[in-house]
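*Asks:* So here's structure_19.cif (mmCIF, C-alpha atoms and all ligand atoms).
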```cif
data_my_file
loop_
_atom_site.label_atom_id
_atom_site.label_comp_id
_atom_site.auth_asym_id
_atom_site.auth_seq_id
_atom_site.Cartn_x
_atom_site.Cartn_y
_atom_site.Cartn_z
CA MET A 1 3.10 35.04 30.23
CA ALA A 2 6.31 33.19 29.39
CA ILE A 3 7.23 34.94 26.15
CA SER A 4 8.28 38.57 25.87
CA SER A 5 5.70 41.14 24.86
CA LYS A 6 7.89 42.04 21.89
CA MET A 7 7.84 38.48 20.55
CA LYS A 8 4.05 38.52 20.86
CA ILE A 9 3.94 41.58 18.59
CA PHE A 10 6.44 40.03 16.15
CA ALA A 11 4.48 36.79 15.98
CA GLU A 12 1.39 38.78 15.03
CA LYS A 13 3.29 40.81 12.43
CA SER A 14 4.83 37.78 10.75
CA SER A 15 1.61 35.84 10.93
CA TRP A 16 0.25 36.30 7.41
CA ILE A 17 2.44 33.79 5.64
CA ARG A 18 2.20 31.40 8.59
CA LYS A 19 -1.60 31.71 8.67
CA MET A 20 -1.77 30.91 4.97
CA PHE A 21 0.60 27.98 5.45
CA GLU A 22 -1.55 26.55 8.24
CA GLN A 23 -4.74 27.19 6.32
CA GLY A 24 -3.17 25.50 3.28
CA GLY A 25 -2.36 22.40 5.35
CA LYS A 26 -5.98 22.16 6.55
CA MET A 27 -7.42 22.71 3.08
CA LYS A 28 -5.12 20.15 1.49
CA ALA A 29 -6.11 17.55 4.12
CA GLU A 30 -9.80 18.27 3.49
CA PHE A 31 -9.90 18.64 -0.31
CA GLY A 32 -6.72 16.86 -1.47
CA ALA A 33 -3.47 18.68 -2.30
CA GLU A 34 -4.22 18.57 -6.03
CA ASN A 35 -7.41 20.59 -5.50
CA VAL A 36 -5.79 23.47 -3.59
CA PHE A 37 -3.94 26.27 -5.44
CA ASP A 38 -1.28 27.25 -2.96
CA PHE A 39 0.67 30.38 -3.97
CA SER A 40 1.53 31.43 -0.44
CA LEU A 41 5.15 30.33 0.03
CA GLY A 42 8.42 31.45 -1.57
CA ASN A 43 9.97 27.99 -1.18
CA PRO A 44 11.72 27.31 -4.51
CA ASP A 45 10.51 24.04 -6.03
CA ALA A 46 13.12 23.87 -8.82
CA PRO A 47 15.62 21.13 -7.95
CA PRO A 48 19.22 22.25 -7.41
CA PRO A 49 21.26 22.05 -10.64
CA ALA A 50 22.72 18.62 -11.52
CA GLN A 51 26.24 19.89 -10.75
CA PHE A 52 25.18 20.36 -7.13
CA ASP A 53 24.58 16.62 -6.64
CA GLN A 54 27.92 15.76 -8.27
CA VAL A 55 29.92 18.26 -6.20
CA LEU A 56 28.11 17.30 -2.99
CA ALA A 57 28.87 13.59 -3.53
CA LYS A 58 32.53 14.33 -4.24
CA ILE A 59 32.93 16.57 -1.22
CA ALA A 60 31.05 14.24 1.13
CA ALA A 61 33.52 11.48 0.17
CA ASP A 62 36.51 13.64 1.08
CA ASN A 63 36.80 13.79 4.84
CA GLY A 64 40.44 14.51 5.43
CA PRO A 65 41.69 16.16 8.64
CA GLY A 66 39.97 19.44 9.47
CA THR A 67 37.04 18.88 7.12
CA HIS A 68 34.51 19.43 9.87
CA SER A 69 36.53 21.81 12.01
CA TYR A 70 35.94 25.41 13.00
CA MET A 71 37.45 27.84 10.54
CA PRO A 72 38.19 31.59 10.40
CA ASN A 73 34.97 33.38 11.38
CA GLY A 74 34.50 34.86 7.93
CA GLY A 75 34.66 31.41 6.32
CA HIS A 76 37.30 29.38 4.47
CA LEU A 77 39.66 31.66 2.59
CA TRP A 78 39.61 29.69 -0.66
CA VAL A 79 35.80 29.73 -0.68
CA ARG A 80 35.75 33.50 -0.19
CA GLU A 81 38.24 33.81 -3.03
CA ALA A 82 35.95 31.84 -5.33
CA VAL A 83 32.88 33.91 -4.38
CA ALA A 84 34.81 37.19 -4.63
CA GLY A 85 35.93 36.23 -8.15
CA GLN A 86 32.33 35.68 -9.24
CA MET A 87 31.21 38.92 -7.55
CA ALA A 88 33.89 40.89 -9.34
CA LYS A 89 32.45 39.63 -12.65
CA GLU A 90 28.89 40.53 -11.65
CA GLN A 91 29.75 43.92 -10.16
CA GLY A 92 32.43 45.06 -12.59
CA VAL A 93 34.45 46.11 -9.52
CA LYS A 94 37.40 44.20 -8.06
CA VAL A 95 36.26 42.29 -4.98
CA VAL A 96 38.76 40.26 -2.94
CA ALA A 97 38.37 37.61 -0.24
CA SER A 98 39.10 40.07 2.56
CA ASP A 99 36.13 42.23 1.47
CA MET A 100 33.66 39.50 2.30
CA LEU A 101 32.46 36.79 4.61
CA LEU A 102 30.29 33.71 4.27
CA SER A 103 27.03 33.76 6.21
CA CYS A 104 24.09 31.58 7.24
CA GLY A 105 21.97 32.66 4.29
CA ALA A 106 21.00 36.22 3.46
CA ALA A 107 19.00 36.39 6.70
CA GLY A 108 22.11 35.63 8.76
CA GLY A 109 24.06 38.12 6.64
CA ILE A 110 21.60 40.97 7.24
CA ASN A 111 21.72 40.30 10.98
CA VAL A 112 25.52 40.42 10.86
CA ILE A 113 25.39 43.79 9.08
CA MET A 114 22.82 45.22 11.50
CA LYS A 115 24.74 43.99 14.54
CA SER A 116 27.86 45.70 13.21
CA LEU A 117 26.30 49.03 12.20
CA LEU A 118 23.52 49.96 14.58
CA ASN A 119 23.57 52.03 17.73
CA PRO A 120 20.31 52.12 19.73
CA GLY A 121 17.75 54.27 17.90
CA ASP A 122 19.59 54.36 14.56
CA GLU A 123 17.13 54.22 11.68
CA VAL A 124 17.07 51.86 8.72
CA ILE A 125 14.89 52.68 5.73
CA PHE A 126 13.03 50.01 3.72
CA LEU A 127 11.00 50.51 0.58
CA ALA A 128 7.48 49.04 0.83
CA PRO A 129 6.35 46.54 -0.19
CA TYR A 130 9.22 44.74 1.54
CA PHE A 131 10.31 41.43 3.05
CA VAL A 132 8.77 41.86 6.49
CA GLU A 133 11.56 40.12 8.40
CA TYR A 134 13.71 43.25 7.88
CA ASP A 135 11.71 44.78 10.72
CA PHE A 136 12.77 42.03 13.08
CA TYR A 137 16.42 42.05 12.00
CA VAL A 138 16.67 45.80 12.64
CA ASP A 139 14.94 45.48 15.99
CA ASN A 140 17.22 42.55 16.95
CA HIS A 141 20.08 45.05 17.05
CA GLY A 142 18.34 48.04 18.64
CA GLY A 143 17.53 49.93 15.44
CA LYS A 144 14.29 51.50 14.25
CA SER A 145 12.53 50.72 10.96
CA ARG A 146 11.47 53.57 8.70
CA VAL A 147 9.18 52.47 5.89
CA VAL A 148 8.96 54.50 2.66
CA GLN A 149 6.42 53.60 -0.04
CA THR A 150 7.59 52.97 -3.62
CA ASP A 151 5.95 54.52 -6.71
CA GLU A 152 3.13 52.97 -8.78
CA ASN A 153 5.62 50.66 -10.54
CA PHE A 154 7.26 49.67 -7.22
CA ASN A 155 10.38 51.68 -8.02
CA PRO A 156 12.04 53.84 -5.35
CA ASP A 157 10.38 57.23 -4.83
CA MET A 158 13.43 59.48 -4.46
CA ALA A 159 11.48 62.43 -3.06
CA ALA A 160 9.96 60.22 -0.35
CA ILE A 161 13.37 58.72 0.50
CA ARG A 162 14.89 62.22 0.72
CA GLU A 163 12.08 63.20 3.08
CA ALA A 164 12.66 60.15 5.31
CA ILE A 165 16.43 60.57 5.70
CA SER A 166 17.59 62.31 8.86
CA GLU A 167 20.67 62.47 11.08
CA LYS A 168 19.42 59.18 12.55
CA THR A 169 19.54 57.29 9.23
CA LYS A 170 22.23 54.63 9.28
CA ALA A 171 21.25 52.56 6.27
CA ILE A 172 18.71 51.80 3.59
CA ILE A 173 17.95 48.23 2.55
CA ILE A 174 16.94 47.62 -1.04
CA ASN A 175 15.91 44.31 -2.57
CA SER A 176 16.07 43.93 -6.33
CA PRO A 177 14.82 41.62 -7.84
CA ASN A 178 12.16 42.24 -5.27
CA ASN A 179 10.12 40.03 -3.03
CA PRO A 180 7.09 40.55 -3.29
CA THR A 181 6.86 42.63 -6.51
CA GLY A 182 9.44 41.12 -8.90
CA GLN A 183 10.64 44.65 -9.74
CA ILE A 184 14.31 45.16 -10.73
CA TYR A 185 15.77 48.63 -10.26
CA SER A 186 17.48 50.05 -13.35
CA LYS A 187 21.06 51.30 -13.53
CA GLU A 188 19.74 54.88 -13.72
CA ILE A 189 17.61 54.45 -10.60
CA LEU A 190 20.54 52.99 -8.65
CA ALA A 191 22.80 55.84 -9.80
CA GLU A 192 20.19 58.38 -8.68
CA LEU A 193 19.87 56.64 -5.33
CA GLY A 194 23.65 56.63 -4.95
CA LEU A 195 23.79 60.38 -5.60
CA LEU A 196 20.97 61.04 -3.16
CA LEU A 197 22.68 59.05 -0.38
CA THR A 198 25.96 60.87 -1.03
CA GLU A 199 24.21 64.24 -0.88
CA MET A 200 22.26 63.42 2.28
CA GLY A 201 25.32 61.92 3.96
CA GLU A 202 27.20 65.18 3.30
CA LYS A 203 24.25 67.19 4.57
CA PHE A 204 24.14 65.30 7.88
CA GLY A 205 27.88 64.66 8.13
CA SER A 206 27.25 60.90 8.27
CA THR A 207 27.70 57.75 6.22
CA ILE A 208 24.46 56.26 4.97
CA TYR A 209 25.01 52.63 3.97
CA LEU A 210 23.18 51.11 1.02
CA ILE A 211 22.50 47.46 1.76
CA SER A 212 21.50 45.48 -1.28
CA ASP A 213 19.73 42.25 -0.39
CA GLU A 214 19.88 40.29 -3.60
CA PRO A 215 19.18 36.56 -3.24
CA TYR A 216 17.12 36.68 -6.48
CA ARG A 217 19.87 38.31 -8.59
CA LYS A 218 20.11 35.37 -10.98
CA ILE A 219 16.36 34.79 -11.35
CA THR A 220 15.39 37.30 -14.04
CA TYR A 221 13.27 37.26 -17.21
CA ASP A 222 13.49 38.51 -20.79
CA GLY A 223 17.28 38.68 -20.57
CA ILE A 224 17.28 41.46 -17.97
CA GLU A 225 20.48 41.73 -15.93
CA VAL A 226 20.54 43.15 -12.43
CA PRO A 227 22.76 46.26 -12.52
CA SER A 228 25.83 46.61 -10.32
CA ILE A 229 25.29 48.13 -6.90
CA PHE A 230 29.00 48.70 -6.40
CA ALA A 231 29.09 50.82 -9.57
CA ALA A 232 26.33 53.04 -8.16
CA TYR A 233 27.57 53.86 -4.65
CA SER A 234 30.74 53.21 -2.72
CA ASN A 235 29.23 52.93 0.75
CA SER A 236 27.38 49.83 -0.30
CA ILE A 237 27.15 46.31 1.08
CA ILE A 238 25.80 43.33 -0.83
CA VAL A 239 24.16 40.45 0.96
CA SER A 240 23.03 37.38 -0.87
CA SER A 241 22.63 33.62 -0.69
CA TYR A 242 22.28 30.40 -2.64
CA SER A 243 18.77 29.80 -1.26
CA LYS A 244 17.00 30.72 -4.47
CA ASP A 245 19.50 30.51 -7.34
CA LEU A 246 20.78 27.05 -6.31
CA SER A 247 17.50 26.12 -4.56
CA LEU A 248 19.25 25.48 -1.22
CA PRO A 249 17.20 27.48 1.33
CA GLY A 250 17.46 24.76 3.96
CA GLU A 251 21.25 24.63 3.77
CA ARG A 252 21.73 28.19 5.10
CA ILE A 253 24.58 29.41 2.96
CA GLY A 254 25.11 32.97 1.76
CA TYR A 255 27.56 35.86 1.91
CA VAL A 256 28.13 39.53 2.68
CA ALA A 257 30.53 41.69 0.65
CA VAL A 258 31.48 45.32 1.10
CA HIS A 259 32.42 47.74 -1.66
CA PRO A 260 36.23 47.79 -1.86
CA GLY A 261 36.16 51.56 -1.29
CA ILE A 262 33.62 51.61 1.59
CA SER A 263 34.50 53.99 4.39
CA GLU A 264 36.23 52.50 7.46
CA LYS A 265 36.41 49.17 5.65
CA ALA A 266 38.84 47.32 7.91
CA GLU A 267 36.86 48.17 11.04
CA LEU A 268 33.55 47.26 9.43
CA VAL A 269 34.70 43.90 8.02
CA SER A 270 36.30 43.02 11.31
CA ALA A 271 33.08 43.88 13.22
CA MET A 272 31.02 41.79 10.80
CA THR A 273 33.41 38.86 11.11
CA LEU A 274 33.03 38.94 14.88
CA ALA A 275 29.24 39.30 14.56
CA ASN A 276 29.21 36.19 12.35
CA ARG A 277 30.49 34.29 15.36
CA ILE A 278 28.79 35.87 18.35
CA LEU A 279 25.28 35.95 16.95
CA GLY A 280 25.35 32.23 17.59
CA PHE A 281 25.81 30.87 14.08
CA VAL A 282 29.58 30.43 14.63
CA ASN A 283 30.53 30.45 10.90
CA ALA A 284 28.53 29.45 7.85
CA PRO A 285 28.10 25.65 7.47
CA ALA A 286 31.47 24.12 6.49
CA LEU A 287 30.18 21.48 4.10
CA MET A 288 28.10 23.96 2.11
CA GLN A 289 31.00 26.42 1.95
CA ARG A 290 33.07 23.78 0.17
CA VAL A 291 30.19 22.89 -2.14
CA ILE A 292 29.36 26.40 -3.30
CA ALA A 293 33.03 27.17 -3.94
CA GLU A 294 32.73 24.83 -6.91
CA LEU A 295 29.38 26.12 -8.14
CA GLN A 296 30.18 29.76 -8.85
CA GLY A 297 28.33 31.05 -11.92
CA ILE A 298 25.87 28.14 -11.88
CA SER A 299 22.18 28.55 -11.13
CA VAL A 300 18.82 26.79 -11.43
CA ASP A 301 16.95 26.51 -14.68
CA ASN A 302 15.24 29.89 -15.06
CA GLU A 303 13.17 28.56 -17.96
CA ARG A 304 10.93 26.79 -15.49
CA TYR A 305 10.10 30.02 -13.67
CA ALA A 306 9.88 32.00 -16.93
CA ARG A 307 7.28 29.55 -18.27
CA ARG A 308 5.20 29.84 -15.13
CA ARG A 309 5.43 33.60 -15.07
CA GLU A 310 4.12 33.70 -18.63
CA ALA A 311 1.23 31.37 -17.84
CA PHE A 312 0.36 33.13 -14.57
CA CYS A 313 0.40 36.61 -16.12
CA GLN A 314 -1.98 35.42 -18.80
CA ILE A 315 -4.38 33.86 -16.29
CA LEU A 316 -4.41 36.99 -14.13
CA THR A 317 -4.89 39.29 -17.13
CA GLU A 318 -7.80 37.21 -18.38
CA ALA A 319 -9.36 37.24 -14.91
CA GLY A 320 -9.18 41.07 -14.90
CA PHE A 321 -6.32 41.71 -12.44
CA ASP A 322 -4.17 44.83 -12.56
CA PHE A 323 -0.48 44.09 -11.97
CA VAL A 324 3.07 45.04 -12.94
CA PRO A 325 4.61 41.99 -14.67
CA PRO A 326 7.57 40.78 -12.60
CA LYS A 327 11.03 41.25 -14.12
CA GLY A 328 12.66 38.82 -11.71
CA ALA A 329 12.20 36.58 -8.62
CA PHE A 330 9.13 34.33 -8.57
CA TYR A 331 6.35 36.53 -7.23
CA ILE A 332 3.53 38.62 -8.68
CA PHE A 333 1.93 41.40 -6.65
CA PRO A 334 -1.47 42.24 -8.19
CA LYS A 335 -3.86 44.87 -6.90
CA SER A 336 -6.71 43.43 -4.92
CA PRO A 337 -9.97 44.17 -6.79
CA ILE A 338 -11.37 45.42 -3.46
CA GLU A 339 -9.59 47.70 -1.01
CA ASP A 340 -9.49 45.12 1.77
CA ASP A 341 -6.75 42.66 0.78
CA VAL A 342 -7.53 40.37 3.74
CA ALA A 343 -11.19 40.14 2.71
CA PHE A 344 -10.10 39.38 -0.85
CA CYS A 345 -7.75 36.62 0.35
CA ALA A 346 -10.76 35.11 2.15
CA ILE A 347 -12.71 35.15 -1.14
CA LEU A 348 -9.75 33.51 -2.88
CA GLN A 349 -9.76 30.83 -0.19
CA GLU A 350 -13.41 30.06 -0.93
CA GLU A 351 -12.10 29.21 -4.40
CA LYS A 352 -9.26 27.17 -2.80
CA ILE A 353 -6.59 29.70 -3.74
CA LEU A 354 -4.02 30.67 -1.13
CA ALA A 355 -2.41 34.11 -1.44
CA VAL A 356 -0.78 36.42 1.11
CA PRO A 357 -2.38 39.83 1.81
CA GLY A 358 -0.22 42.76 0.74
CA ARG A 359 -0.37 44.22 4.25
CA GLY A 360 1.97 41.38 5.27
CA PHE A 361 4.56 43.29 3.17
CA GLY A 362 3.62 46.80 4.28
CA ALA A 363 1.37 47.36 1.24
CA PRO A 364 -2.37 46.87 1.93
CA GLY A 365 -4.61 46.65 -1.14
CA TYR A 366 -2.46 44.05 -2.91
CA ILE A 367 -1.92 40.30 -2.78
CA ARG A 368 1.27 38.30 -3.21
CA LEU A 369 1.30 35.18 -5.36
CA ALA A 370 4.41 32.96 -5.40
CA PHE A 371 4.82 31.00 -8.64
CA CYS A 372 7.49 28.54 -7.50
CA VAL A 373 4.84 25.83 -7.75
CA PRO A 374 4.10 23.10 -10.31
CA ASP A 375 2.79 24.17 -13.75
CA GLU A 376 -0.45 22.24 -13.11
CA THR A 377 -1.22 24.34 -10.02
CA ILE A 378 -0.99 27.52 -12.08
CA ALA A 379 -2.91 26.12 -15.06
CA GLY A 380 -5.60 24.64 -12.79
CA SER A 381 -6.25 27.94 -11.00
CA ALA A 382 -7.50 29.94 -14.01
CA ALA A 383 -11.24 29.45 -13.52
CA ALA A 384 -10.94 29.93 -9.73
CA PHE A 385 -9.19 33.31 -10.18
CA LYS A 386 -11.94 34.45 -12.57
CA ARG A 387 -14.68 33.43 -10.14
CA ALA A 388 -12.94 35.08 -7.16
CA TYR A 389 -12.44 38.32 -9.07
CA GLN A 390 -16.09 38.45 -10.12
CA LYS A 391 -17.28 37.56 -6.62
CA ALA A 392 -15.22 40.38 -5.12
CA LEU A 393 -16.83 42.95 -7.43
CA LYS A 394 -20.39 41.98 -6.48
N1 LIG B 401 15.64 38.53 1.63
C1 LIG B 401 14.55 38.30 0.88
C2 LIG B 401 14.01 39.42 0.07
C3 LIG B 401 13.91 37.05 0.89
O1 LIG B 401 12.84 36.86 0.13
C4 LIG B 401 14.45 36.03 1.70
C5 LIG B 401 13.81 34.72 1.77
O2 LIG B 401 12.75 34.46 1.26
C6 LIG B 401 15.60 36.32 2.45
C7 LIG B 401 16.18 37.56 2.40
C8 LIG B 401 16.23 35.27 3.32
O3 LIG B 401 16.95 34.41 2.51
P1 LIG B 401 17.93 33.29 3.06
O4 LIG B 401 17.21 32.00 2.94
O5 LIG B 401 19.11 33.34 2.17
O6 LIG B 401 18.26 33.63 4.45
#
```
Could you spell out this file's structure in structure tokens?

*Replies:*
Amino acid sequence: MAISSKMKIFAEKSSWIRKMFEQGGKMKAEFGAENVFDFSLGNPDAPPPAQFDQVLAKIAADNGPGTHSYMPNGGHLWVREAVAGQMAKEQGVKVVASDMLLSCGAAGGINVIMKSLLNPGDEVIFLAPYFVEYDFYVDNHGGKSRVVQTDENFNPDMAAIREAISEKTKAIIINSPNNPTGQIYSKEILAELGLLLTEMGEKFGSTIYLISDEPYRKITYDGIEVPSIFAAYSNSIIVSSYSKDLSLPGERIGYVAVHPGISEKAELVSAMTLANRILGFVNAPALMQRVIAELQGISVDNERYARRREAFCQILTEAGFDFVPPKGAFYIFPKSPIEDDVAFCAILQEEKILAVPGRGFGAPGYIRLAFCVPDETIAGSAAAFKRAYQKALK
């Protein structure tokens, strides 16, 4: 066997979304794309904001000396200054360029953090349901995943987190607005989590880092704002990207920022800056750095996702589904009407609906539906959802 046994296991673990993607391709070829209701992928379909095209055209035309050169490993200083300025507004805490670095998306950023923090066997806690690639990122750097379930509303279960923390715990990753549930953690919840991590860190004589993965921060509904992580806990690190809020997932541009008061800051930032180079990315893409410097505070039209969320919630309610309405991101995570989420996804497929089983996110018994798809796909799926739900109950 050419590939490593570990990659074989990973391929199996990450297979749910891929399986649905492949299945979707086959079904679309057989029945026509317009007759398949594909809610399997979190690939934003909103176009980037108009300002993106203008800035990109301007920057592409300017190719003075050094435009395409290597740069400091953390990214161009003036770009970091622009991002830090925006972060300071969002976090209500002063963030400066030297507290952050530009990364190849949030995924690259999380790998940079893990590379910098983990010793072999260190544990990282995630709250299920969770973005399954966290498992791989932690393993990439010799760590061990520790999965803790959330409560019935997909909020952190503090007692369960307390139980899971040990002297081996190096970090906890949270993701709010959440993929796959759309939950946003309140200010009170974050404050409680901050207190818990402080208490447990003192108990074990260690620093437990709170890593907030927040690429969906700007995609929220009903006027909800995502509370500040930096206000809740000083040993916190924010990782984010422009994949979702500027609809640029293919351009691989994001950032990592540490709390200005984080312990051993200089050493940590310097380790992350080196990791940003030696993991093989060798800086975040230069062209996109220059583009996003001019797009701070701008994001895609949330109205489009808000409209779809409204329509989708209504369809699912009428079909009989039980779900927590998402507060942000573009996913809904309803309960499967039968215990076996994989079997229910097969029933949905008979009705030409593609969904991802909850077990792909560490939460069997649910399904994930991504609503970053055209309005017609959502509207057209109503009768099919009703039929699938009824079929499952028979
Ligand atoms: N974190 C979460 C929760 C995600 O949903 C995704 C992508 O879907 C990522 C990280 C990776 O994002 P990026 O494209 O910025 O690497």

*Asks:* What does the distance from atom CA of Leu268 of chain A to atom CA of Asp99 of chain A come to in Å, to one decimal?

*Replies:* 9.8 Å

*Asks:* Tell me which of A:Gln349, A:Gln23, A:Asn73, A:Ser212 sits closest to Cys104 of chain A, counting all atoms listed in the file.

*Replies:* A:Asn73

*Asks:* For Phe136 of chain A, list every protein, DNA or RNA residue within 9 Å, evaluated using all atoms listed in the file, and leave out those in the same chain fewer than 4 positions away; present the list as a tab-separated table (two decimals) with C-alpha atoms, keeping the file's coordinate frame.

*Replies:*
```tsv
chain	number	residue	atom	x	y	z
A	10	PHE	CA	6.44	40.03	16.15
A	132	VAL	CA	8.77	41.86	6.49
A	140	ASN	CA	17.22	42.55	16.95
A	141	HIS	CA	20.08	45.05	17.05
A	145	SER	CA	12.53	50.72	10.96
```

*Asks:* For segment 79-92 of chain A, find every residue with an atom within 6 Å (counting all atoms listed in the file), except residues of its own chain fewer than 3 positions away, and show them as a PyMOL selection string.

*Replies:* chain A and resi 76+95-97+228+293

*Asks:* Write out as a ChimeraX atom specification the residues lying within 9 Å of Ser381 of chain A, counting all atoms listed in the file and excluding same-chain residues fewer than 2 positions away.

*Replies:* /A:36-37,315,351-353,376-379,383-386

*Asks:* Which residues of chain A come within 10 Å of ligand LIG 401 (chain B), and for each one, what is the closest pair of atoms and their distance in Å to one decimal, counting all atoms listed in the file, sorted by chain and residue number, as a tab-separated table?

*Replies:*
```
residue	atom	partner	partner_atom	distance
A:Leu41	CA	B:LIG401	O2	8.7
A:Gly42	CA	B:LIG401	O2	6.0
A:Asn43	CA	B:LIG401	O2	7.5
A:Pro44	CA	B:LIG401	O2	9.2
A:Ser103	CA	B:LIG401	O5	8.9
A:Cys104	CA	B:LIG401	O6	6.8
A:Gly105	CA	B:LIG401	O5	3.6
A:Ala106	CA	B:LIG401	O5	3.7
A:Ala107	CA	B:LIG401	O6	3.6
A:Gly108	CA	B:LIG401	O6	6.1
A:Gly109	CA	B:LIG401	O6	7.7
A:Ile110	CA	B:LIG401	C7	8.0
A:Asn111	CA	B:LIG401	O6	10.0
A:Tyr130	CA	B:LIG401	C2	7.3
A:Phe131	CA	B:LIG401	C2	5.2
A:Val132	CA	B:LIG401	C2	8.6
A:Glu133	CA	B:LIG401	C7	8.0
A:Tyr134	CA	B:LIG401	N1	8.1
A:Ile173	CA	B:LIG401	C2	10.0
A:Ile174	CA	B:LIG401	C2	8.8
A:Asn175	CA	B:LIG401	C2	5.9
A:Ser176	CA	B:LIG401	C2	8.1
A:Pro177	CA	B:LIG401	C2	8.3
A:Asn178	CA	B:LIG401	C2	6.3
A:Asn179	CA	B:LIG401	C2	5.0
A:Pro180	CA	B:LIG401	O1	7.6
A:Ser212	CA	B:LIG401	N1	9.5
A:Asp213	CA	B:LIG401	N1	5.9
A:Glu214	CA	B:LIG401	N1	7.0
A:Pro215	CA	B:LIG401	O5	6.3
A:Tyr216	CA	B:LIG401	C2	7.8
A:Val239	CA	B:LIG401	C7	8.6
A:Ser240	CA	B:LIG401	O5	6.4
A:Ser241	CA	B:LIG401	O5	4.5
A:Tyr242	CA	B:LIG401	O5	6.5
A:Ser243	CA	B:LIG401	O5	4.9
A:Lys244	CA	B:LIG401	O5	7.4
A:Asp245	CA	B:LIG401	O5	9.9
A:Ser247	CA	B:LIG401	O4	9.5
A:Leu248	CA	B:LIG401	O4	8.0
A:Pro249	CA	B:LIG401	O4	4.8
A:Gly250	CA	B:LIG401	O4	7.3
A:Glu251	CA	B:LIG401	O4	8.4
A:Arg252	CA	B:LIG401	O4	6.3
A:Ile253	CA	B:LIG401	O5	6.8
A:Gly254	CA	B:LIG401	O5	6.0
A:Tyr255	CA	B:LIG401	O5	8.8
A:Ala329	CA	B:LIG401	O1	8.8
A:Phe330	CA	B:LIG401	O1	9.8
A:Tyr331	CA	B:LIG401	O1	9.8
```

*Asks:* Would you save the residues from that selection as a PDB file, in the frame of the given file, using C-alpha atoms?

*Replies:*
```pdb
ATOM      1  CA  LEU A  41       5.150  30.330   0.030  1.00  0.00           C
ATOM      2  CA  GLY A  42       8.420  31.450  -1.570  1.00  0.00           C
ATOM      3  CA  ASN A  43       9.970  27.990  -1.180  1.00  0.00           C
ATOM      4  CA  PRO A  44      11.720  27.310  -4.510  1.00  0.00           C
ATOM      5  CA  SER A 103      27.030  33.760   6.210  1.00  0.00           C
ATOM      6  CA  CYS A 104      24.090  31.580   7.240  1.00  0.00           C
ATOM      7  CA  GLY A 105      21.970  32.660   4.290  1.00  0.00           C
ATOM      8  CA  ALA A 106      21.000  36.220   3.460  1.00  0.00           C
ATOM      9  CA  ALA A 107      19.000  36.390   6.700  1.00  0.00           C
ATOM     10  CA  GLY A 108      22.110  35.630   8.760  1.00  0.00           C
ATOM     11  CA  GLY A 109      24.060  38.120   6.640  1.00  0.00           C
ATOM     12  CA  ILE A 110      21.600  40.970   7.240  1.00  0.00           C
ATOM     13  CA  ASN A 111      21.720  40.300  10.980  1.00  0.00           C
ATOM     14  CA  TYR A 130       9.220  44.740   1.540  1.00  0.00           C
ATOM     15  CA  PHE A 131      10.310  41.430   3.050  1.00  0.00           C
ATOM     16  CA  VAL A 132       8.770  41.860   6.490  1.00  0.00           C
ATOM     17  CA  GLU A 133      11.560  40.120   8.400  1.00  0.00           C
ATOM     18  CA  TYR A 134      13.710  43.250   7.880  1.00  0.00           C
ATOM     19  CA  ILE A 173      17.950  48.230   2.550  1.00  0.00           C
ATOM     20  CA  ILE A 174      16.940  47.620  -1.040  1.00  0.00           C
ATOM     21  CA  ASN A 175      15.910  44.310  -2.570  1.00  0.00           C
ATOM     22  CA  SER A 176      16.070  43.930  -6.330  1.00  0.00           C
ATOM     23  CA  PRO A 177      14.820  41.620  -7.840  1.00  0.00           C
ATOM     24  CA  ASN A 178      12.160  42.240  -5.270  1.00  0.00           C
ATOM     25  CA  ASN A 179      10.120  40.030  -3.030  1.00  0.00           C
ATOM     26  CA  PRO A 180       7.090  40.550  -3.290  1.00  0.00           C
ATOM     27  CA  SER A 212      21.500  45.480  -1.280  1.00  0.00           C
ATOM     28  CA  ASP A 213      19.730  42.250  -0.390  1.00  0.00           C
ATOM     29  CA  GLU A 214      19.880  40.290  -3.600  1.00  0.00           C
ATOM     30  CA  PRO A 215      19.180  36.560  -3.240  1.00  0.00           C
ATOM     31  CA  TYR A 216      17.120  36.680  -6.480  1.00  0.00           C
ATOM     32  CA  VAL A 239      24.160  40.450   0.960  1.00  0.00           C
ATOM     33  CA  SER A 240      23.030  37.380  -0.870  1.00  0.00           C
ATOM     34  CA  SER A 241      22.630  33.620  -0.690  1.00  0.00           C
ATOM     35  CA  TYR A 242      22.280  30.400  -2.640  1.00  0.00           C
ATOM     36  CA  SER A 243      18.770  29.800  -1.260  1.00  0.00           C
ATOM     37  CA  LYS A 244      17.000  30.720  -4.470  1.00  0.00           C
ATOM     38  CA  ASP A 245      19.500  30.510  -7.340  1.00  0.00           C
ATOM     39  CA  SER A 247      17.500  26.120  -4.560  1.00  0.00           C
ATOM     40  CA  LEU A 248      19.250  25.480  -1.220  1.00  0.00           C
ATOM     41  CA  PRO A 249      17.200  27.480   1.330  1.00  0.00           C
ATOM     42  CA  GLY A 250      17.460  24.760   3.960  1.00  0.00           C
ATOM     43  CA  GLU A 251      21.250  24.630   3.770  1.00  0.00           C
ATOM     44  CA  ARG A 252      21.730  28.190   5.100  1.00  0.00           C
ATOM     45  CA  ILE A 253      24.580  29.410   2.960  1.00  0.00           C
ATOM     46  CA  GLY A 254      25.110  32.970   1.760  1.00  0.00           C
ATOM     47  CA  TYR A 255      27.560  35.860   1.910  1.00  0.00           C
ATOM     48  CA  ALA A 329      12.200  36.580  -8.620  1.00  0.00           C
ATOM     49  CA  PHE A 330       9.130  34.330  -8.570  1.00  0.00           C
ATOM     50  CA  TYR A 331       6.350  36.530  -7.230  1.00  0.00           C
TER      51      TYR A 331
END
```
